[in-house]
Amino acid sequence: MEKKDFDLFKEKFGNPFEETDFPKPLFINEILKKYKEGEKATLAGRVVSKREHGKSGFAHLADFSGKIQIYARFDSLGEDFELFKKLDIGDIIGVEGKLFITRTEEITVAADKIKPLAKAWRPLPEKWHGLKDIETRYRQRYLDLIANPASRDVFLKRAKIVSIIRDFFEKLSFIETETPMLHHIPRGAAGEPFQTFHNATSSKVYLRIAPELYLKKLLIGGFDRVYEINRSFRNEGLSRRHNPEFTMLEAYAAYQGYQFMMDACEKLLTNLALEIHGGLDIEYQGKKIDLQPPWQRISFAQLFKKEFGVEPEDSHEEVTKKISKKIKLEEGLSRTQILKICEELIERNYPEDKPAFITDFFTWTSPLAKQKKDNPYLVERFELFIAGIEIANAYSELNDPVEQEERFRRQAAKEPDSEIDLDFVKSLEYGMPPAAGLGIGIDRLVMILLNQPSIRDVILFPLLKLQS
């Protein structure tokens, strides 16, 4: 819209940006559900279609819940009919009128009052109905939400999924908590951190890669069960499964082991499937997935022994040497790399139509997990894979401060930039009860449950490369 055109509109109909509110008692979907012939309706939303027929016309008005047809007639609107004629697709208006059903059996509002609430200076993109261009959908999510009801539905269902997760853990007596996003030492998970500087304390700080150590400090402080739905950050690449900023659920239960979290994980995801799909048979990108418990249990140690001849007692160097015979490793063998190899082995050797818990991880790959009583080279840990995608990670937590410090120092010796979190070790010295921890990637979980091909399809504003 040109400024001169807006000035003419404002002169004739008033400034549409002056209104501070337009109270409406119901959303559009509620009006449609509670329809009664001749009942008065007050609604507001965006004009998404419009057609005129002389002294009458039709338009569709949409809010986040749905859309409804508006019937405009000169005889009913008087001067407001001129306003109707000047409306553009994308304008936001308020409408009052009576409900009726047209000959085509569409619930419609016969408008007797129209009020402009915001003018669309820019027209919606050509062929905006069902906007398909991926770049536009991600970079201008607001247009995607206007144009694609299916996209809007994904994010409404995502909100429902998070709500169900909260309800699930609260029913198990977990307390929702908040822990810091700025850390002095990047710790709690494998990953490259984002680094910044805090002026007031003259100190280097990092965006958290995981909230784990703070949540375990709450166990030490006496909270037996805690959880957090948190934003975490990894300074790593972009892909259909990775976004540098992502949402995690982390939950910790004192006096429980990793089997407790395995059961909880299985129950949580089956509950979600029942709530979202009404059953335990779901589909992800053409793959049929059966969520009926019990799920598969696969030994990580046996998988690597079969593929590479690796034994649990092998040193990091021995494991690297054996794997290098079959796979080219660019720079040694990190915990992140070994988990990627694990993903590939699972995809190749096991059916993807059933979720799989991967157990029996090597101790050196899991610096915060408790060793198995019958084999100190393995830890009490599992990772959950669905359709070949890692969804969850859990273990019985290491609570021995001496052992924890030794593992931190061994890790620091292999990773020159790694810092030892002595404050966490100090907290363990006051005594942390035996406990189990669980982490679930919310974005990936939503991808699976809502059958979305990319993590960008379930994050409202994913990080993208800058446009030149």
# chains A, B, ... in the order shown; residues from 1 in each chain; ligands from 1
>>> closest_atom_pairs(of="stretch 91-203 of chain A", to="stretch 239-260 of chain A", cutoff="12 Å", atoms="only C-alpha atoms", output="CSV")
residue,atom,partner,partner_atom,distance
A:Arg158,CA,A:Thr247,CA,11.6
A:Ile161,CA,A:Leu249,CA,11.9
A:Val162,CA,A:Leu249,CA,9.4
A:Ile165,CA,A:Leu249,CA,8.8
A:Arg166,CA,A:Leu249,CA,9.6
A:Phe168,CA,A:Ala251,CA,11.5
A:Phe169,CA,A:Ala251,CA,8.4
A:Glu170,CA,A:Ala251,CA,11.1
A:Leu172,CA,A:Ala253,CA,9.9
A:Ser173,CA,A:Ala253,CA,9.7
A:Phe174,CA,A:Ala253,CA,7.9
A:Ile175,CA,A:Ala251,CA,9.3
A:Glu176,CA,A:Ala251,CA,9.0
A:Thr177,CA,A:Ala251,CA,9.9
A:Glu178,CA,A:Glu250,CA,11.0
A:Thr179,CA,A:Glu250,CA,11.1
A:Met181,CA,A:Glu245,CA,11.8
A:Gly188,CA,A:Glu250,CA,11.1
A:Ala189,CA,A:Glu250,CA,11.9
A:Gly191,CA,A:Pro244,CA,10.3
A:Glu192,CA,A:Pro244,CA,9.9
A:Pro193,CA,A:Pro244,CA,9.6
A:Phe194,CA,A:Pro244,CA,9.3
>>> residues_around(residues="A:Asp290", least_positions_apart="5", cutoff="10 Å", atoms="only C-alpha atoms", output="list in words")
Gly279, Leu280, Asp281, Ile282, Glu283, Trp295, Glu352, Asp353, Lys354, Pro355 and Ile386 of chain A
>>> closest_residue(among="A:Ala147, A:Pro116, A:Leu329, A:Asp423", to="A:Ala62", atoms="only C-alpha atoms")
A:Ala147
>>> residues_around(residues="stretch 80-92 of chain A", least_positions_apart="5", cutoff="7 Å", atoms="only C-alpha atoms", output="NGL selection string")
:A and (13 or 45-49 or 72-74 or 113-114 or 116-120 or 123-124)
>>> write_last_selection(atoms="N, CA and C atoms", output="JSON list (two decimals), in the first residue's frame")
[["chain", "number", "residue", "atom", "x", "y", "z"],
["A", 13, "PHE", "N", -12.17, 6.72, 6.80],
["A", 13, "PHE", "CA", -12.67, 5.72, 7.75],
["A", 13, "PHE", "C", -12.02, 5.81, 9.14],
["A", 45, "GLY", "N", -10.60, -10.67, 13.44],
["A", 45, "GLY", "CA", -9.58, -11.50, 12.81],
["A", 45, "GLY", "C", -9.08, -10.87, 11.53],
["A", 46, "ARG", "N", -8.38, -11.66, 10.75],
["A", 46, "ARG", "CA", -7.77, -11.19, 9.51],
["A", 46, "ARG", "C", -8.63, -11.56, 8.30],
["A", 47, "VAL", "N", -8.78, -10.62, 7.38],
["A", 47, "VAL", "CA", -9.50, -10.89, 6.14],
["A", 47, "VAL", "C", -8.61, -11.77, 5.25],
["A", 48, "VAL", "N", -9.09, -12.99, 4.93],
["A", 48, "VAL", "CA", -8.28, -13.91, 4.13],
["A", 48, "VAL", "C", -8.88, -14.17, 2.74],
["A", 49, "SER", "N", -10.10, -13.70, 2.53],
["A", 49, "SER", "CA", -10.68, -13.75, 1.18],
["A", 49, "SER", "C", -11.80, -12.73, 1.11],
["A", 72, "ALA", "N", -21.65, -9.04, 3.83],
["A", 72, "ALA", "CA", -21.77, -7.58, 3.93],
["A", 72, "ALA", "C", -22.81, -7.09, 2.94],
["A", 73, "ARG", "N", -23.74, -6.24, 3.43],
["A", 73, "ARG", "CA", -24.79, -5.73, 2.56],
["A", 73, "ARG", "C", -24.97, -4.24, 2.82],
["A", 74, "PHE", "N", -25.11, -3.46, 1.75],
["A", 74, "PHE", "CA", -25.26, -2.01, 1.89],
["A", 74, "PHE", "C", -26.45, -1.67, 2.78],
["A", 113, "LYS", "N", -22.00, -4.22, 11.58],
["A", 113, "LYS", "CA", -20.97, -3.27, 12.01],
["A", 113, "LYS", "C", -19.60, -3.84, 11.66],
["A", 114, "ILE", "N", -18.75, -3.02, 11.05],
["A", 114, "ILE", "CA", -17.36, -3.41, 10.74],
["A", 114, "ILE", "C", -16.44, -2.32, 11.27],
["A", 116, "PRO", "N", -12.28, -1.23, 11.44],
["A", 116, "PRO", "CA", -10.88, -1.54, 11.08],
["A", 116, "PRO", "C", -9.99, -1.50, 12.32],
["A", 117, "LEU", "N", -9.14, -2.52, 12.47],
["A", 117, "LEU", "CA", -8.26, -2.61, 13.64],
["A", 117, "LEU", "C", -6.78, -2.57, 13.28],
["A", 118, "ALA", "N", -6.43, -2.91, 12.05],
["A", 118, "ALA", "CA", -5.05, -2.80, 11.56],
["A", 118, "ALA", "C", -5.06, -2.96, 10.05],
["A", 119, "LYS", "N", -4.26, -2.13, 9.37],
["A", 119, "LYS", "CA", -4.20, -2.18, 7.91],
["A", 119, "LYS", "C", -2.96, -2.94, 7.49],
["A", 120, "ALA", "N", -3.11, -3.81, 6.52],
["A", 120, "ALA", "CA", -1.96, -4.55, 5.97],
["A", 120, "ALA", "C", -1.28, -3.68, 4.91],
["A", 123, "PRO", "N", 0.94, -6.53, 0.83],
["A", 123, "PRO", "CA", 0.01, -7.60, 0.44],
["A", 123, "PRO", "C", 0.60, -8.96, 0.80],
["A", 124, "LEU", "N", -0.26, -9.92, 1.07],
["A", 124, "LEU", "CA", 0.22, -11.28, 1.30],
["A", 124, "LEU", "C", 0.87, -11.78, 0.01]]
>>> select_by_dssp(residues="stretch 204-282 of chain A", states="helix (DSSP H, G or I)", output="PyMOL selection string")
chain A and resi 212-220+258-277
>>> select_by_dssp(residues="stretch 251-438 of chain A", states="strand (DSSP E or B)", output="PyMOL selection string")
chain A and resi 251-254+281-284+287-290+296-299+356-362+369+371-372+375-386+389-397+435-438
>>> residues_around(residues="A:Asp421", least_positions_apart="3", cutoff="9 Å", atoms="only C-alpha atoms", output="ChimeraX atom specification")
/A:185-187,405,408,424-426
>>> atom_distance(atom1="atom CA of A:Ile28", atom2="atom CA of A:Val109")
10.9 Å
>>> residues_around(residues="stretch 32-39 of chain A", least_positions_apart="2", cutoff="8 Å", atoms="only C-alpha atoms", output="PyMOL selection string")
chain A and resi 28-30+41+68+98-101+107
>>> residues_around(residues="stretch 216-223 of chain A", least_positions_apart="4", cutoff="7 Å", atoms="only C-alpha atoms", output="VMD selection string")
chain A and resid 212 254 427 431 to 432
>>> write_last_selection(atoms="C-alpha atoms", output="compact mmCIF listing (two decimals), in the first residue's frame")
# COMPACT_ATOMS: atom_id res chain seq x y z
CA GLU A 212 22.06 -31.24 34.43
CA ALA A 254 16.19 -39.35 43.94
CA SER A 427 28.33 -30.10 46.12
CA GLY A 431 25.96 -36.06 49.78
CA MET A 432 23.65 -36.66 46.83
>>> residues_around(residues="A:Phe58", least_positions_apart="4", cutoff="9 Å", atoms="only C-alpha atoms", output="count of residues only")
10
